[in-house]
Amino acid sequence: MTVSLQAEPIDVVAEYAALVGGAPGAAVATFTGYVRNHTGENPVGALELEHYPEMALRVLEELGQQAAERFGLLRWRIVHRFGVLPVSETIVWVGAMADHRGEAISACECMMDMLKTDAPFWKREQGPSGARWVASCESDGQRRARWERGERA
């Protein structure tokens with residue numbers, strides 16, 4: 001049950017192996033996020049992620065602990081990148097292990113939904129017409145709100 005903030009690429013195979021260890025439990029769910037080559041109609045060449053390290057670690061650890069308690073997780077892990085990431089690079093990897101698939105899948109989704117709104121990361125897309133800061137999406141807030149209401153997907 002850990003968090004990592006790193007500039008280097010995420011080794012998803014190694015992360016999965018470390019999460020599962022010698023005993024995979026009954027269910028493992030993961031999510032891997034990548035840099036898209038567009039936002040709507042706007043082409044994107046790279047994504048720059050800035051963060052406040054101490055606060056980001058604390059927030060991500062709290063999100064993982066909350067998910068562990070809520071969904072009865074056996075193990076969990078959140079890995080998030082920072083720096084300038086080219087298109088197709090991994091940004092984030094989240095893993096959850098539980099006794100049942102529903103809990104593992106819901107925990108992964110919940111951690112990602114909360115991360116999108118709560119974690120102190122600032123994103124700037126770099127494209128042909130220059131760089132622009134990425135604003136929060138209304139849908140991210142709506143997805144987070146459903147978890148506060150106790151709903152699942």
# chains A, B, ... in the order shown; residues from 1 in each chain; ligands from 1

$ residues_around --residues "Arg81 (chain A)" --least-positions-apart "6" --cutoff "7 Å" --atoms "only C-alpha atoms" --output "PyMOL selection string"
chain A and resi 5-7+91-92

$ select_by_dssp --residues "region 23-126 of chain A" --states "alpha helix (DSSP H)" --output "JSON, numbers by chain"
{"A": [53, 54, 55, 56, 57, 58, 59, 60, 61, 62, 63, 64, 65, 66, 67, 68, 69, 70, 71, 101, 102, 103, 104, 105, 106, 107, 108, 109, 110, 111, 112, 113, 114, 115, 116, 117, 118]}

$ write_last_selection --atoms "C-alpha atoms" --output "PDB file, in the first residue's frame"
ATOM      1  CA  PRO A  53       5.608  16.917  -3.831  1.00  0.00           C
ATOM      2  CA  GLU A  54       4.789  16.749  -0.112  1.00  0.00           C
ATOM      3  CA  MET A  55       1.147  17.630  -0.614  1.00  0.00           C
ATOM      4  CA  ALA A  56       0.746  15.317  -3.616  1.00  0.00           C
ATOM      5  CA  LEU A  57       2.183  12.370  -1.669  1.00  0.00           C
ATOM      6  CA  ARG A  58      -0.093  13.077   1.290  1.00  0.00           C
ATOM      7  CA  VAL A  59      -3.219  13.416  -0.847  1.00  0.00           C
ATOM      8  CA  LEU A  60      -2.502  10.257  -2.857  1.00  0.00           C
ATOM      9  CA  GLU A  61      -1.779   8.271   0.312  1.00  0.00           C
ATOM     10  CA  GLU A  62      -5.073   9.475   1.818  1.00  0.00           C
ATOM     11  CA  LEU A  63      -6.962   8.491  -1.359  1.00  0.00           C
ATOM     12  CA  GLY A  64      -5.427   5.022  -1.281  1.00  0.00           C
ATOM     13  CA  GLN A  65      -6.190   4.540   2.416  1.00  0.00           C
ATOM     14  CA  GLN A  66      -9.786   5.712   1.945  1.00  0.00           C
ATOM     15  CA  ALA A  67     -10.261   3.266  -0.936  1.00  0.00           C
ATOM     16  CA  ALA A  68      -8.686   0.464   1.108  1.00  0.00           C
ATOM     17  CA  GLU A  69     -11.120   1.066   3.946  1.00  0.00           C
ATOM     18  CA  ARG A  70     -14.163   1.583   1.751  1.00  0.00           C
ATOM     19  CA  PHE A  71     -13.604  -1.451  -0.498  1.00  0.00           C
ATOM     20  CA  ARG A 101     -13.734  -8.187  -8.571  1.00  0.00           C
ATOM     21  CA  GLY A 102     -16.409  -5.567  -7.895  1.00  0.00           C
ATOM     22  CA  GLU A 103     -14.446  -4.095  -5.025  1.00  0.00           C
ATOM     23  CA  ALA A 104     -11.134  -4.132  -6.926  1.00  0.00           C
ATOM     24  CA  ILE A 105     -12.653  -2.481  -9.999  1.00  0.00           C
ATOM     25  CA  SER A 106     -14.633   0.086  -8.000  1.00  0.00           C
ATOM     26  CA  ALA A 107     -11.603   0.927  -5.843  1.00  0.00           C
ATOM     27  CA  CYS A 108      -9.477   1.580  -8.945  1.00  0.00           C
ATOM     28  CA  GLU A 109     -12.153   3.784 -10.459  1.00  0.00           C
ATOM     29  CA  CYS A 110     -12.745   5.634  -7.188  1.00  0.00           C
ATOM     30  CA  MET A 111      -9.035   6.324  -6.675  1.00  0.00           C
ATOM     31  CA  MET A 112      -8.760   7.720 -10.223  1.00  0.00           C
ATOM     32  CA  ASP A 113     -11.893   9.854  -9.897  1.00  0.00           C
ATOM     33  CA  MET A 114     -10.702  11.333  -6.600  1.00  0.00           C
ATOM     34  CA  LEU A 115      -7.151  11.778  -7.906  1.00  0.00           C
ATOM     35  CA  LYS A 116      -8.397  13.806 -10.895  1.00  0.00           C
ATOM     36  CA  THR A 117     -10.053  16.379  -8.611  1.00  0.00           C
ATOM     37  CA  ASP A 118      -8.049  16.277  -5.369  1.00  0.00           C
TER      38      ASP A 118
END

$ residues_around --residues "Trp122 (chain A)" --least-positions-apart "3" --cutoff "9 Å" --atoms "only C-alpha atoms" --output "number ranges by chain"
A: 48-51, 133-135

$ select_by_dssp --residues "region 28-137 of chain A" --states "strand (DSSP E)" --output "JSON, numbers by chain"
{"A": [28, 29, 30, 31, 32, 33, 34, 38, 39, 42, 43, 46, 47, 48, 49, 50, 51, 75, 76, 77, 78, 79, 80, 81, 83, 84, 85, 86, 90, 91, 92, 93, 94, 95, 96, 97, 98, 121, 122, 123, 124, 125, 126, 127, 130, 131, 132, 133]}

$ residues_around --residues "Val87 (chain A)" --least-positions-apart "4" --cutoff "8 Å" --atoms "only C-alpha atoms" --output "number ranges by chain"
A: 34-37, 44-47

$ write_last_selection --atoms "C-alpha atoms" --output "CSV table (one decimal), in the first residue's frame"
chain,number,residue,atom,x,y,z
A,34,TYR,CA,-1.5,7.8,-21.1
A,35,VAL,CA,-0.8,11.2,-22.7
A,36,ARG,CA,-3.4,11.8,-25.5
A,37,ASN,CA,-2.4,13.4,-28.8
A,44,VAL,CA,-1.2,17.9,-28.2
A,45,GLY,CA,2.5,17.2,-28.6
A,46,ALA,CA,3.4,16.8,-25.0
A,47,LEU,CA,2.0,17.3,-21.5

$ closest_residue --among "A:Leu74, A:Val94, A:Leu85, A:Val28" --to "Glu15 (chain A)" --atoms "only C-alpha atoms"
A:Val94

$ atom_distance --atom1 "CA of Thr30 (chain A)" --atom2 "CA of Glu151 (chain A)"
20.1 Å

$ atom_distance --atom1 "CA of Ala26 (chain A)" --atom2 "CA of Gly72 (chain A)"
12.4 Å

$ atom_distance --atom1 "CA of Gly141 (chain A)" --atom2 "CA of Phe121 (chain A)"
15.3 Å

$ closest_residue --among "A:Arg143, A:Ile78, A:Trp93, A:Pro43" --to "Ala131 (chain A)" --atoms "only C-alpha atoms"
A:Pro43
